[in-house]
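Raw work.cif, mmCIF, C-alpha atoms:
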data_run
loop_
_atom_site.label_atom_id
_atom_site.label_comp_id
_atom_site.auth_asym_id
_atom_site.auth_seq_id
_atom_site.Cartn_x
_atom_site.Cartn_y
_atom_site.Cartn_z
CA MET C 1 -16.63 9.38 9.98
CA THR C 2 -13.48 7.65 11.21
CA ASN C 3 -12.63 4.58 9.18
CA ARG C 4 -9.64 2.50 8.22
CA THR C 5 -7.64 1.82 5.12
CA PHE C 6 -4.92 -0.64 4.27
CA THR C 7 -1.57 0.27 2.77
CA MET C 8 1.53 -1.54 1.69
CA ILE C 9 4.89 0.11 1.05
CA LYS C 10 6.09 -1.91 -1.93
CA PRO C 11 9.50 -3.53 -2.50
CA ASP C 12 10.82 -0.70 -4.71
CA ALA C 13 10.25 1.94 -2.02
CA VAL C 14 11.62 -0.33 0.72
CA LYS C 15 14.73 -1.09 -1.38
CA ALA C 16 15.24 2.63 -2.03
CA GLY C 17 15.22 3.38 1.70
CA ASN C 18 11.99 5.38 1.66
CA ILE C 19 10.05 3.69 4.48
CA GLY C 20 10.71 6.51 6.94
CA ASN C 21 9.91 9.27 4.43
CA ILE C 22 6.65 7.61 3.43
CA LEU C 23 5.60 6.96 7.04
CA GLN C 24 6.34 10.61 7.83
CA MET C 25 4.04 11.69 4.98
CA ILE C 26 1.34 9.32 6.26
CA ASN C 27 1.63 10.79 9.78
CA ALA C 28 1.68 14.35 8.44
CA GLY C 29 -1.50 13.50 6.52
CA GLY C 30 -3.28 12.91 9.83
CA PHE C 31 -3.38 9.11 9.69
CA ARG C 32 -2.97 6.98 12.80
CA ILE C 33 -1.14 3.68 12.32
CA VAL C 34 -3.18 0.98 14.08
CA ALA C 35 -1.13 -2.00 12.85
CA MET C 36 2.15 -2.34 10.97
CA LYS C 37 4.61 -5.07 10.02
CA TYR C 38 7.72 -5.53 7.90
CA LEU C 39 7.73 -8.82 6.00
CA GLN C 40 8.61 -10.72 2.86
CA ILE C 41 5.64 -12.36 1.14
CA SER C 42 5.76 -15.59 -0.86
CA LYS C 43 4.70 -16.02 -4.48
CA GLN C 44 1.61 -17.89 -3.28
CA GLN C 45 0.69 -15.03 -0.91
CA ALA C 46 1.22 -12.44 -3.66
CA GLU C 47 -0.95 -14.44 -6.06
CA LYS C 48 -3.71 -14.74 -3.44
CA PHE C 49 -3.57 -11.04 -2.51
CA TYR C 50 -3.76 -9.94 -6.16
CA GLU C 51 -6.11 -12.71 -7.38
CA ILE C 52 -8.61 -10.05 -8.48
CA HIS C 53 -6.08 -9.26 -11.26
CA ALA C 54 -5.35 -12.90 -12.21
CA ALA C 55 -6.79 -12.54 -15.72
CA ARG C 56 -4.95 -9.29 -16.43
CA PRO C 57 -1.76 -9.37 -18.55
CA PHE C 58 0.35 -7.74 -15.82
CA TYR C 59 -0.55 -10.30 -13.10
CA GLY C 60 2.66 -12.39 -13.34
CA GLU C 61 4.87 -9.33 -13.48
CA LEU C 62 3.02 -7.79 -10.51
CA THR C 63 3.31 -10.87 -8.32
CA ASP C 64 6.99 -11.33 -9.25
CA PHE C 65 7.62 -7.70 -8.31
CA MET C 66 5.81 -8.05 -4.98
CA ILE C 67 8.07 -10.93 -3.92
CA SER C 68 11.27 -9.18 -5.05
CA GLY C 69 11.91 -7.78 -1.57
CA PRO C 70 10.33 -6.97 1.78
CA ILE C 71 7.23 -4.82 2.18
CA VAL C 72 5.67 -2.82 4.99
CA ALA C 73 1.97 -3.57 5.52
CA ALA C 74 -0.13 -1.23 7.66
CA ILE C 75 -3.66 -0.41 8.68
CA LEU C 76 -4.34 3.31 8.97
CA GLU C 77 -7.19 5.18 10.64
CA LYS C 78 -8.56 8.65 9.95
CA ASP C 79 -11.79 10.42 9.12
CA ASN C 80 -12.50 9.72 5.43
CA ALA C 81 -9.48 7.37 5.36
CA ILE C 82 -10.00 5.77 1.94
CA ALA C 83 -10.45 8.95 -0.09
CA ASP C 84 -7.86 10.95 1.84
CA PHE C 85 -5.25 8.20 1.51
CA ARG C 86 -5.87 7.75 -2.23
CA LYS C 87 -5.33 11.49 -2.60
CA LEU C 88 -2.11 11.33 -0.53
CA ILE C 89 -0.62 8.48 -2.57
CA GLY C 90 -1.52 9.95 -5.97
CA ALA C 91 -2.27 8.39 -9.34
CA THR C 92 -1.07 4.85 -10.11
CA ASN C 93 1.15 6.28 -12.83
CA PRO C 94 3.61 8.57 -11.03
CA ALA C 95 3.95 10.70 -14.18
CA GLN C 96 0.27 11.62 -13.72
CA ALA C 97 0.40 11.97 -9.92
CA GLU C 98 -0.02 15.39 -8.38
CA GLU C 99 3.00 17.18 -6.93
CA GLY C 100 3.52 16.38 -3.26
CA THR C 101 1.98 12.91 -3.42
CA ILE C 102 3.83 9.79 -2.31
CA ARG C 103 3.95 8.34 -5.83
CA LYS C 104 5.13 11.60 -7.39
CA LYS C 105 8.01 11.69 -4.89
CA TYR C 106 8.94 8.00 -4.58
CA ALA C 107 7.53 5.90 -7.45
CA ALA C 108 9.56 5.02 -10.53
CA SER C 109 6.83 3.73 -12.86
CA ILE C 110 3.30 2.32 -13.05
CA GLY C 111 4.72 -1.10 -12.18
CA GLU C 112 7.02 0.11 -9.42
CA ASN C 113 4.70 2.66 -7.88
CA ALA C 114 5.99 2.62 -4.27
CA ILE C 115 2.73 2.10 -2.38
CA HIS C 116 -0.67 0.44 -2.36
CA GLY C 117 -3.84 1.95 -0.95
CA SER C 118 -7.25 0.27 -0.65
CA ASP C 119 -9.91 1.57 -3.02
CA SER C 120 -12.98 0.91 -0.82
CA ASP C 121 -13.99 0.22 2.79
CA GLU C 122 -14.77 -3.37 1.81
CA ASN C 123 -11.35 -3.94 0.20
CA ALA C 124 -9.59 -2.22 3.12
CA GLU C 125 -11.13 -4.77 5.47
CA ILE C 126 -10.31 -7.73 3.19
CA GLU C 127 -6.73 -6.54 2.63
CA GLY C 128 -6.18 -5.74 6.30
CA ASP C 129 -7.49 -9.17 7.29
CA PHE C 130 -5.09 -10.76 4.78
CA PHE C 131 -2.05 -9.42 6.67
CA PHE C 132 -3.26 -8.92 10.26
CA ASN C 133 -5.22 -10.96 12.78
CA GLY C 134 -7.39 -9.37 15.45
CA LEU C 135 -4.62 -9.40 18.06
CA GLU C 136 -2.32 -7.35 15.83
CA ARG C 137 -4.45 -4.23 15.55
CA PHE C 138 -5.78 -1.63 17.92
#

What do you get writing this file as structure tokens?
Amino acid sequence: MTNRTFTMIKPDAVKAGNIGNILQMINAGGFRIVAMKYLQISKQQAEKFYEIHAARPFYGELTDFMISGPIVAAILEKDNAIADFRKLIGATNPAQAEEGTIRKKYAASIGENAIHGSDSDENAEIEGDFFFNGLERF
């Protein structure tokens, strides 16, 4: 079944010049980009996006990191999009990520892990709606 997922190339990967390499891996993985934008988010936006983690000890560090530079937000489409994209990006900790995954190639640490991928259809819709209105997607 064709469905959508949300992704965000994080500030560390943008700063390192890896947008093109990561987008190439996404395309090679069979994903179709249905919406994409390059932007800088505010502290308030980062806190809202990650509010599910507000009680966790890493929340402040995470939101500070996410406003440290521009990001690339995108909505991707493919059969089995959520599971296939999570496999393509690899484990949150790049040291545990499989060879050939985005995080194994481009992430520096658990905190600076290059890319975000939605973990469910519900979250993909919520996260996509956070960054894109209906006129910005196909």

Check which residues satisfy the PyMOL selection byres ((chain C and resi 104) around 12) in the file shown, then give them as a PyMOL selection string.
-> chain C and resi 22+87-103+105-110+112-115

Selection export as a compact mmCIF listing (two decimals), keeping the file's coordinate frame, atoms kept: C-alpha atoms:
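Once everything was written out, this is result-v1.txt:
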# COMPACT_ATOMS: atom_id res chain seq x y z
CA ILE C 22 6.65 7.61 3.43
CA LYS C 87 -5.33 11.49 -2.60
CA LEU C 88 -2.11 11.33 -0.53
CA ILE C 89 -0.62 8.48 -2.57
CA GLY C 90 -1.52 9.95 -5.97
CA ALA C 91 -2.27 8.39 -9.34
CA THR C 92 -1.07 4.85 -10.11
CA ASN C 93 1.15 6.28 -12.83
CA PRO C 94 3.61 8.57 -11.03
CA ALA C 95 3.95 10.70 -14.18
CA GLN C 96 0.27 11.62 -13.72
CA ALA C 97 0.40 11.97 -9.92
CA GLU C 98 -0.02 15.39 -8.38
CA GLU C 99 3.00 17.18 -6.93
CA GLY C 100 3.52 16.38 -3.26
CA THR C 101 1.98 12.91 -3.42
CA ILE C 102 3.83 9.79 -2.31
CA ARG C 103 3.95 8.34 -5.83
CA LYS C 105 8.01 11.69 -4.89
CA TYR C 106 8.94 8.00 -4.58
CA ALA C 107 7.53 5.90 -7.45
CA ALA C 108 9.56 5.02 -10.53
CA SER C 109 6.83 3.73 -12.86
CA ILE C 110 3.30 2.32 -13.05
CA GLU C 112 7.02 0.11 -9.42
CA ASN C 113 4.70 2.66 -7.88
CA ALA C 114 5.99 2.62 -4.27
CA ILE C 115 2.73 2.10 -2.38

If you apply the PyMOL selection byres ((chain C and resi 3-5) around 10) to this file, what residues do you get, as a PyMOL selection string?
-> chain C and resi 1-2+6-7+31-34+74-86+117-125+127-128

Which residue, C:Ala46, C:Leu39, C:Ile26, C:Ala73, has the smallest gap to Glu61 (chain C) when you use all atoms listed in the file?
-> C:Ala46

Box centre and edge lengths (Å, one decimal), axis-aligned, region 24-40 of chain C plus 8 Å each side, as AutoDock Vina command-line options:
--center_x 2.6 --center_y 1.8 --center_z 8.5 --size_x 28.0 --size_y 41.1 --size_z 27.2

Give me, please, the distance in Å between CA of His53 (chain C) and CA of Phe65 (chain C), quoted to one decimal.
-> 14.1 Å

Test item: the PyMOL selection byres ((chain C and resi 43) around 10) resolved as a list in words = Gln40, Ile41, Ser42, Gln44, Gln45, Ala46, Glu47, Lys48, Phe49, Gly60, Thr63, Asp64, Phe65, Met66, Ile67 and Ser68 of chain C

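The coordinates place CA of Val72 (chain C) at 10.0 Å from CA of Leu23 (chain C).
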
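Of note, CA of Phe130 (chain C) and CA of Asp12 (chain C) are spaced 21.1 Å apart.
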
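Counting only C-alpha atoms, the residue from C:Ala13, C:Gly111, C:Gly29, C:Met36 that sits nearest to Gly69 (chain C) is C:Ala13.
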
Compare C:Ile71, C:Asn133, C:Ala55, C:Phe138 by their minimum atom-to-atom distance to Lys37 (chain C), counting only C-alpha atoms, and give me the closest one.
-> C:Ile71
